[in-house]
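Chemist: My file is input30.cif. It has mmCIF, C-alpha atoms:
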data_run
#
loop_
_atom_site.label_atom_id
_atom_site.label_comp_id
_atom_site.auth_asym_id
_atom_site.auth_seq_id
_atom_site.Cartn_x
_atom_site.Cartn_y
_atom_site.Cartn_z
CA ASP F 286 -7.39 -12.11 3.55
CA ALA F 287 -5.19 -15.16 3.07
CA LYS F 288 -1.78 -14.82 4.61
CA THR F 289 1.50 -14.96 2.78
CA THR F 290 4.95 -16.13 3.78
CA GLN F 291 8.11 -14.49 2.47
CA PRO F 292 11.74 -14.73 3.52
CA PRO F 293 12.60 -11.77 5.77
CA SER F 294 15.56 -10.76 3.65
CA MET F 295 17.71 -11.69 0.68
CA ASP F 296 20.62 -10.35 -1.30
CA CYS F 297 20.77 -10.20 -5.08
CA ALA F 298 23.64 -9.47 -7.43
CA GLU F 299 23.38 -6.36 -9.57
CA GLY F 300 22.63 -7.23 -13.19
CA ARG F 301 21.36 -10.69 -12.38
CA ALA F 302 17.77 -11.86 -12.20
CA ALA F 303 16.26 -11.65 -8.73
CA ASN F 304 13.72 -14.34 -7.84
CA LEU F 305 11.52 -13.44 -4.88
CA PRO F 306 9.42 -16.30 -3.51
CA CYS F 307 6.06 -16.14 -1.78
CA ASN F 308 3.88 -18.85 -0.28
CA HIS F 309 0.12 -18.38 -0.08
CA SER F 310 -1.18 -21.88 0.53
CA THR F 311 -4.62 -20.76 1.77
CA ILE F 312 -5.41 -18.50 -1.17
CA SER F 313 -9.04 -18.56 -2.28
CA GLY F 314 -10.21 -18.94 -5.84
CA ASN F 315 -11.18 -15.29 -6.20
CA GLU F 316 -8.03 -13.85 -4.63
CA TYR F 317 -5.32 -12.19 -6.65
CA VAL F 318 -1.62 -12.13 -5.88
CA TYR F 319 -0.28 -8.58 -5.69
CA TRP F 320 3.29 -7.42 -5.39
CA TYR F 321 4.30 -4.02 -4.06
CA ARG F 322 7.61 -2.62 -2.96
CA GLN F 323 8.62 0.16 -0.61
CA ILE F 324 11.86 2.00 -1.06
CA HIS F 325 13.00 3.44 2.25
CA SER F 326 10.04 5.41 3.66
CA GLN F 327 8.38 6.18 0.35
CA GLY F 328 4.83 5.15 -0.49
CA PRO F 329 4.36 1.52 -1.53
CA GLN F 330 4.83 1.12 -5.26
CA TYR F 331 2.64 -1.26 -7.25
CA ILE F 332 4.63 -3.78 -9.26
CA ILE F 333 2.35 -6.44 -10.70
CA HIS F 334 -0.58 -8.70 -9.93
CA GLY F 335 -2.06 -11.93 -11.23
CA LEU F 336 -4.83 -14.43 -10.67
CA LYS F 337 -3.60 -17.71 -12.12
CA ASN F 338 -1.74 -16.96 -15.33
CA ASN F 339 1.84 -15.74 -15.42
CA GLU F 340 2.10 -12.01 -15.95
CA THR F 341 4.82 -9.70 -17.23
CA ASN F 342 5.11 -5.94 -17.38
CA GLU F 343 7.91 -3.43 -17.74
CA MET F 344 8.99 -3.89 -14.13
CA ALA F 345 8.79 -7.61 -13.46
CA SER F 346 7.36 -11.02 -14.18
CA LEU F 347 5.04 -12.96 -11.91
CA ILE F 348 5.05 -16.73 -11.99
CA ILE F 349 2.14 -18.42 -10.19
CA THR F 350 2.20 -22.17 -9.63
CA GLU F 351 -0.60 -24.22 -11.11
CA ASP F 352 -2.09 -24.93 -7.68
CA ARG F 353 -1.77 -21.19 -6.86
CA LYS F 354 -0.21 -21.95 -3.51
CA SER F 355 2.97 -20.05 -4.27
CA SER F 356 4.39 -17.48 -6.64
CA THR F 357 7.69 -15.92 -7.64
CA LEU F 358 8.35 -12.33 -8.55
CA ILE F 359 11.20 -12.01 -11.02
CA LEU F 360 13.17 -8.80 -11.48
CA PRO F 361 14.97 -9.61 -14.74
CA HIS F 362 18.06 -7.43 -14.27
CA ALA F 363 18.36 -6.18 -10.72
CA THR F 364 19.78 -2.69 -10.22
CA LEU F 365 20.84 -0.91 -7.05
CA ARG F 366 17.60 1.08 -7.25
CA ASP F 367 15.67 -2.16 -6.78
CA THR F 368 16.83 -2.34 -3.16
CA ALA F 369 13.54 -2.22 -1.23
CA VAL F 370 11.11 -4.15 0.92
CA TYR F 371 8.96 -6.31 -1.35
CA TYR F 372 5.47 -7.29 -0.27
CA CYS F 373 3.47 -10.21 -1.58
CA ILE F 374 -0.22 -9.73 -0.77
CA VAL F 375 -3.30 -11.78 -1.62
CA ARG F 376 -6.53 -9.91 -1.97
CA SER F 377 -9.91 -10.35 -3.58
CA GLY F 378 -10.97 -7.82 -6.17
CA GLY F 379 -13.04 -4.73 -5.56
CA ASN F 380 -12.79 -2.14 -2.85
CA ASN F 381 -10.79 -4.17 -0.37
CA ARG F 382 -7.87 -3.36 1.84
CA LEU F 383 -4.30 -4.41 1.21
CA ALA F 384 -2.97 -6.35 4.20
CA PHE F 385 0.77 -5.70 4.34
CA GLY F 386 3.03 -8.10 6.17
CA LYS F 387 6.66 -7.53 7.05
CA GLY F 388 7.79 -8.21 3.49
CA ASN F 389 11.15 -9.29 2.13
CA GLN F 390 14.03 -6.82 2.49
CA VAL F 391 15.88 -7.21 -0.80
CA VAL F 392 19.35 -5.73 -1.07
CA VAL F 393 20.97 -5.53 -4.49
CA ILE F 394 24.73 -5.83 -4.14
CA PRO F 395 27.15 -4.34 -6.68
CA GLU Z 113 1.98 9.33 -15.78
CA PRO Z 114 -0.78 10.29 -13.34
CA GLU Z 115 0.08 9.97 -9.67
CA VAL Z 116 -1.36 10.45 -6.23
CA THR Z 117 -0.12 13.56 -4.47
CA GLN Z 118 -0.19 14.40 -0.76
CA THR Z 119 0.29 17.56 1.25
CA PRO Z 120 2.01 18.49 3.41
CA SER Z 121 5.02 16.23 3.18
CA HIS Z 122 5.73 16.77 6.87
CA GLN Z 123 3.38 18.04 9.57
CA VAL Z 124 4.44 18.79 13.12
CA THR Z 125 1.72 19.37 15.69
CA GLN Z 126 1.15 19.53 19.40
CA MET Z 127 -0.71 16.76 21.20
CA GLY Z 128 -4.43 17.50 21.31
CA GLN Z 129 -4.44 19.59 18.15
CA GLU Z 130 -6.44 18.79 15.05
CA VAL Z 131 -4.67 17.99 11.81
CA ILE Z 132 -5.93 17.56 8.28
CA LEU Z 133 -3.90 15.56 5.81
CA ARG Z 134 -4.68 16.13 2.16
CA CYS Z 135 -4.53 13.89 -0.86
CA VAL Z 136 -5.28 14.37 -4.53
CA PRO Z 137 -6.09 10.94 -5.99
CA ILE Z 138 -5.60 9.99 -9.62
CA SER Z 139 -8.36 11.78 -11.49
CA ASN Z 140 -10.46 8.92 -12.86
CA HIS Z 141 -10.22 6.77 -9.74
CA LEU Z 142 -13.25 6.10 -7.58
CA TYR Z 143 -11.83 4.13 -4.64
CA PHE Z 144 -9.82 5.95 -1.99
CA TYR Z 145 -7.82 4.71 0.96
CA TRP Z 146 -5.73 5.83 3.90
CA TYR Z 147 -2.96 3.74 5.41
CA ARG Z 148 -0.37 4.55 8.03
CA GLN Z 149 3.06 3.27 8.94
CA ILE Z 150 4.55 3.85 12.36
CA LEU Z 151 8.34 4.03 12.15
CA GLY Z 152 9.82 0.57 11.82
CA GLN Z 153 6.43 -1.16 11.63
CA LYS Z 154 4.12 -2.54 8.95
CA VAL Z 155 1.90 -0.51 6.69
CA GLU Z 156 -1.57 -0.60 8.29
CA PHE Z 157 -4.93 -0.06 6.66
CA LEU Z 158 -7.09 2.70 8.13
CA VAL Z 159 -10.10 3.26 5.90
CA SER Z 160 -11.52 2.86 2.42
CA PHE Z 161 -13.99 5.23 0.79
CA TYR Z 162 -16.25 4.87 -2.20
CA ASN Z 163 -19.28 6.73 -3.49
CA ASN Z 164 -18.96 9.38 -0.79
CA GLU Z 165 -19.05 7.01 2.10
CA ILE Z 166 -16.76 4.80 4.14
CA SER Z 167 -16.83 1.25 2.80
CA GLU Z 168 -14.50 -0.30 5.36
CA LYS Z 169 -12.51 0.84 8.37
CA SER Z 170 -10.03 -0.82 10.66
CA GLU Z 171 -10.04 -0.87 14.44
CA ILE Z 172 -7.43 1.89 14.36
CA PHE Z 173 -9.92 4.25 12.68
CA ASP Z 174 -11.80 5.33 15.79
CA ASP Z 175 -13.93 8.42 16.48
CA GLN Z 176 -10.87 10.65 16.40
CA PHE Z 177 -10.51 10.03 12.67
CA SER Z 178 -12.69 11.16 9.82
CA VAL Z 179 -12.41 11.29 6.04
CA GLU Z 180 -13.98 13.53 3.49
CA ARG Z 181 -14.00 14.21 -0.20
CA PRO Z 182 -14.97 17.87 -0.04
CA ASP Z 183 -14.73 18.99 -3.63
CA GLY Z 184 -14.52 16.04 -5.99
CA SER Z 185 -10.74 16.15 -6.27
CA ASN Z 186 -9.31 16.21 -2.75
CA PHE Z 187 -9.54 13.41 -0.21
CA THR Z 188 -8.76 14.35 3.37
CA LEU Z 189 -8.00 12.59 6.62
CA LYS Z 190 -8.74 14.52 9.80
CA ILE Z 191 -7.46 13.60 13.21
CA ARG Z 192 -9.47 15.56 15.76
CA SER Z 193 -7.25 15.46 18.81
CA THR Z 194 -3.83 14.07 18.05
CA LYS Z 195 -2.00 11.74 20.40
CA LEU Z 196 1.69 10.95 20.58
CA GLU Z 197 0.99 7.50 19.13
CA ASP Z 198 -0.51 9.06 16.01
CA SER Z 199 3.01 9.95 14.88
CA ALA Z 200 3.50 8.00 11.66
CA MET Z 201 3.70 8.20 7.89
CA TYR Z 202 0.22 8.48 6.43
CA PHE Z 203 -0.27 7.20 2.90
CA CYS Z 204 -3.20 7.91 0.65
CA ALA Z 205 -4.03 5.51 -2.16
CA SER Z 206 -6.54 5.47 -4.96
CA GLY Z 207 -7.85 2.79 -7.28
CA ASP Z 208 -10.09 2.59 -10.31
CA ALA Z 209 -13.49 0.98 -10.19
CA GLY Z 210 -12.67 -2.00 -12.34
CA LEU Z 211 -13.04 -5.62 -11.29
CA VAL Z 212 -9.50 -5.54 -9.99
CA ASP Z 213 -8.90 -2.36 -8.07
CA THR Z 214 -5.15 -1.81 -8.14
CA GLN Z 215 -4.20 0.73 -5.51
CA TYR Z 216 -1.65 3.44 -6.26
CA PHE Z 217 -0.03 5.17 -3.33
CA GLY Z 218 1.05 8.72 -2.73
CA PRO Z 219 4.42 9.69 -1.25
CA GLY Z 220 3.02 10.08 2.24
CA THR Z 221 2.77 12.72 4.94
CA ARG Z 222 5.04 12.36 7.93
CA LEU Z 223 3.05 13.38 11.00
CA THR Z 224 4.99 14.18 14.15
CA VAL Z 225 3.00 14.76 17.33
CA LEU Z 226 4.92 16.46 20.13
#
In structure tokens, how does this file's structure come out?
Modeler:
Amino acid sequence: DAKTTQPPSMDCAEGRAANLPCNHSTISGNEYVYWYRQIHSQGPQYIIHGLKNNETNEMASLIITEDRKSSTLILPHATLRDTAVYYCIVRSGGNNRLAFGKGNQVVVIP
Amino acid sequence: EPEVTQTPSHQVTQMGQEVILRCVPISNHLYFYWYRQILGQKVEFLVSFYNNEISEKSEIFDDQFSVERPDGSNFTLKIRSTKLEDSAMYFCASGDAGLVDTQYFGPGTRLTVL
């Protein structure tokens, strides 16, 4: 799997948009960008994924650059409950493992 | 909303004992996974399972580990002879069989080996 690079931590203001960056410069053409988060010691929670188009769901938006070498996860209105470790993972489709890195510890501040 | 469930939530065992961790995947999913997370460390892949056989396993998944789907609804992870270093959170995940298999995780079982 291609590797990703995320900042180790960041703070976000409650009620503001949180923009979480991820670099994946070695991503292959058939690899998707997945985002998960883990709140404390709970199971990882799926957020969103995309291949090359921008995606939006009820949780977040995913912006992928045209060259696909980086992406940004946007939490439109951060709440205290969004405090978590966020993982950006690239993975090809099908029955393949998710390779978790250390992620980005996001703290939402009141 | 359907979800993956796991039992027990916490298992305490003595070193050398066998443990079975249980998972009920989302009902229409066909891909199944086990991951673990040692306290303070990354989530690590153990094994994936499809069509009643292992499709991939990591170097962690040695002969002490086995998986089974005994009855079409449960998915189990067995550790034959537990070691202290097996203490971790164990997460089950399941995914559908579409082109893009999005994995959904259970809440985990905390295994403590004494």
Chemist: I need the contact residues of chain F against chain Z, so if you could list those with any atom within 8 Å, counting all atoms listed in the file, and return them as a list of chain:residue names, that would help.
Modeler: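 Here they are: F:Gln327, F:Gly328, F:Pro329, F:Gln330, F:Tyr331, F:Gly378, F:Gly379, F:Asn380, F:Asn381, F:Arg382, F:Leu383, F:Ala384, F:Phe385, F:Gly386, F:Lys387.
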Chemist: Apply the PyMOL selection byres ((chain Z and resi 190) around 7) to the displayed file and report the matching residues as number ranges by chain.
Modeler: Z: 131-133, 177-179, 188-189, 191-192
Chemist: Excluding F:Ser313 and its own-chain neighbours fewer than 4 positions away, which residues fall within 12 Å of it when counting only C-alpha atoms? Please give them as a list in words.
Modeler: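 Listed by chain and then number, they are Asp286, Ala287, Lys288, His309, Tyr317, Val318, Leu336, Lys337, Asp352, Arg353, Lys354, Val375, Arg376, Ser377 and Gly378 of chain F.
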Chemist: What's the separation between atom CA of Z:His122 and atom CA of Z:Thr224, in Å to one decimal place?
Modeler: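 The value is 7.8 Å.
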Chemist: For a cut-off of 8 Å around (11.9, -3.1, 1.2), file coordinates, pick out all residues using only C-alpha atoms and list them as an MDAnalysis selection string.
Modeler: chainID F and resid 322:325 368:372 388:391
Chemist: From the structure just shown, export stretch 359-383 of chain F with C-alpha atoms as a PDB file, in the first residue's frame.
Modeler:
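File produced: out-v2.pdb:
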ATOM      1  CA  ILE F 359     -13.126  18.754   5.846  1.00  0.00           C
ATOM      2  CA  LEU F 360     -15.313  18.573   8.932  1.00  0.00           C
ATOM      3  CA  PRO F 361     -17.707  21.445   8.191  1.00  0.00           C
ATOM      4  CA  HIS F 362     -18.617  22.408  11.759  1.00  0.00           C
ATOM      5  CA  ALA F 363     -16.308  20.783  14.276  1.00  0.00           C
ATOM      6  CA  THR F 364     -17.818  19.732  17.599  1.00  0.00           C
ATOM      7  CA  LEU F 365     -16.159  18.508  20.771  1.00  0.00           C
ATOM      8  CA  ARG F 366     -17.252  14.987  19.819  1.00  0.00           C
ATOM      9  CA  ASP F 367     -15.038  15.200  16.744  1.00  0.00           C
ATOM     10  CA  THR F 368     -11.942  15.018  18.950  1.00  0.00           C
ATOM     11  CA  ALA F 369     -10.240  11.833  17.725  1.00  0.00           C
ATOM     12  CA  VAL F 370      -7.283  10.384  15.861  1.00  0.00           C
ATOM     13  CA  TYR F 371      -7.937  10.710  12.134  1.00  0.00           C
ATOM     14  CA  TYR F 372      -6.355   8.266   9.724  1.00  0.00           C
ATOM     15  CA  CYS F 373      -5.804   8.825   6.030  1.00  0.00           C
ATOM     16  CA  ILE F 374      -5.227   5.487   4.281  1.00  0.00           C
ATOM     17  CA  VAL F 375      -4.705   4.587   0.634  1.00  0.00           C
ATOM     18  CA  ARG F 376      -5.860   1.189  -0.445  1.00  0.00           C
ATOM     19  CA  SER F 377      -6.838  -0.608  -3.613  1.00  0.00           C
ATOM     20  CA  GLY F 378     -10.330  -2.012  -3.842  1.00  0.00           C
ATOM     21  CA  GLY F 379     -11.391  -5.525  -2.991  1.00  0.00           C
ATOM     22  CA  ASN F 380     -10.511  -7.676  -0.032  1.00  0.00           C
ATOM     23  CA  ASN F 381      -7.416  -5.808   1.066  1.00  0.00           C
ATOM     24  CA  ARG F 382      -6.116  -4.763   4.421  1.00  0.00           C
ATOM     25  CA  LEU F 383      -6.236  -1.252   5.814  1.00  0.00           C
TER      26      LEU F 383
END
